[in-house]
Amino acid sequence: MRKLIGGVFQSLDGVMQAPGGPTEDWTGGFALGGWSATYWDEAMGNAMGAMFGGPFDLLLGRKTYEIFAAHWPYVGPDDPIGPAFDKANKYVLTRGTEPLEWQNSHHVGSIDSVAGIKAGEGPDILIQGSSTLYPGLFEAGLVDRLFVMTFPVVLGSGKRLFGDGTPPFALKLVEHQTSTTGVAMATYEPAGEVPIGSFQMSEPSAREQARQERMKREG
């Protein structure tokens with residue numbers, strides 16, 4: 001079975017939107033596009049090179065696909081990423097039926113269809129951008145690994161990795177390093193249900209009992 005691996009650039013407050021440039025995605029009035037560009041260093045470049053160093057396919061949402069299709073085919077043959085993206089199969093999860101004109105692009109109509117592709121033969125499948133895909137993929141248990149670059153900026157609003165509909169789950173950290181610019185690069189794998197513990201006293205105080213009763217009344 002193929003692995004489904006999410007590659008994420010996010011701010012410290014979890015925003016993924018438009019890391020690459022001011023005109024990348026200004027939906028919702030987002031005005032801080034390009035927030036990742038000045039933080040890149042050699043360690044980050046090496047990490048991305050490792051992610052794209054072998055064969056891979058891509059899973060994209062429609063908006064990210066449109067951003068990529070307008071950029072990567074035009075960067076030239078000497079770019080380390082563009083030719084690899086051209087070659088890869090690009091599975092686009094969308095309800096739309098508009099033609100996908102970038103070579104090796106394929107419509108995917110549902111999360112169930114993604115599961116079928118994942119169960120088939122081929123290289124690992126990488127998710128880039130595509131914040132709207134994650135809640136459904138997490139709910140279906142299809143994400144095998146997350147590589148997350150967390151940048152030392154707070155953006156306040158925008159599209160997020162763990163958006164509405166994301167189920168609760170635990171993760172385990174399998175790799176971690178920090179760039180010279182303060183970007184935390186961490187790789188996680190799913191680790192089942194959220195483990196629940198407690199630092200509370202086994203016998204709550206009278207004040208604590210009263211506080212809990214007040215919470216019940218206030219909802």
# chains A, B, ... in the order shown; residues from 1 in each chain; ligands from 1
>>> select_by_dssp(residues="range 124-215 of chain A", states="strand (DSSP E)", output="PyMOL selection string")
chain A and resi 125-128+145-151+171-178+184-190
>>> closest_residue(among="A:Thr180, A:Leu59, A:Val143, A:Gly136", to="Asn104 in chain A", atoms="only C-alpha atoms")
A:Leu59
>>> residues_around(residues="Glu139 in chain A", least_positions_apart="5", cutoff="9 Å", atoms="only C-alpha atoms", output="NGL selection string")
:A and (134 or 165-168)
>>> closest_atom_pairs(of="range 38-71 of chain A", to="range 186-195 of chain A", cutoff="12 Å", atoms="only C-alpha atoms", output="Markdown table")
| residue | atom | partner | partner_atom | distance |
| --- | --- | --- | --- | --- |
| A:Met44 | CA | A:Ala186 | CA | 11.3 |
| A:Ala47 | CA | A:Ala186 | CA | 10.3 |
| A:Met51 | CA | A:Thr187 | CA | 11.2 |
>>> closest_atom_pairs(of="range 83-199 of chain A", to="range 19-40 of chain A", cutoff="10 Å", atoms="only C-alpha atoms", output="tab-separated table")
residue	atom	partner	partner_atom	distance
A:Gly129	CA	A:Pro19	CA	9.2
A:Met149	CA	A:Ser36	CA	9.7
A:Thr150	CA	A:Ser36	CA	9.5
A:Phe151	CA	A:Ser36	CA	7.0
A:Pro152	CA	A:Tyr39	CA	9.0
A:Val153	CA	A:Trp35	CA	7.8
A:Val154	CA	A:Trp35	CA	9.7
A:Leu155	CA	A:Leu32	CA	7.4
A:Gly156	CA	A:Phe30	CA	9.9
A:Ser157	CA	A:Phe30	CA	7.6
A:Gly158	CA	A:Phe30	CA	6.4
A:Lys159	CA	A:Gly28	CA	9.0
A:Ser179	CA	A:Trp40	CA	8.1
A:Thr180	CA	A:Tyr39	CA	8.6
A:Thr181	CA	A:Tyr39	CA	5.7
A:Gly182	CA	A:Tyr39	CA	8.0
A:Val183	CA	A:Tyr39	CA	7.4
>>> decode(residues="range 2-13 of chain A", atoms="C-alpha atoms", output="tab-separated table (two decimals), in the first residue's frame")
chain	number	residue	atom	x	y	z
A	2	ARG	CA	1.17	3.50	-0.79
A	3	LYS	CA	1.74	6.06	1.95
A	4	LEU	CA	-0.10	9.37	2.03
A	5	ILE	CA	2.22	12.10	3.34
A	6	GLY	CA	1.21	15.68	4.07
A	7	GLY	CA	3.81	18.41	3.58
A	8	VAL	CA	2.74	21.56	5.44
A	9	PHE	CA	4.04	25.10	5.80
A	10	GLN	CA	2.22	26.79	8.67
A	11	SER	CA	2.50	29.81	10.92
A	12	LEU	CA	2.84	29.49	14.69
A	13	ASP	CA	-0.96	29.88	14.95
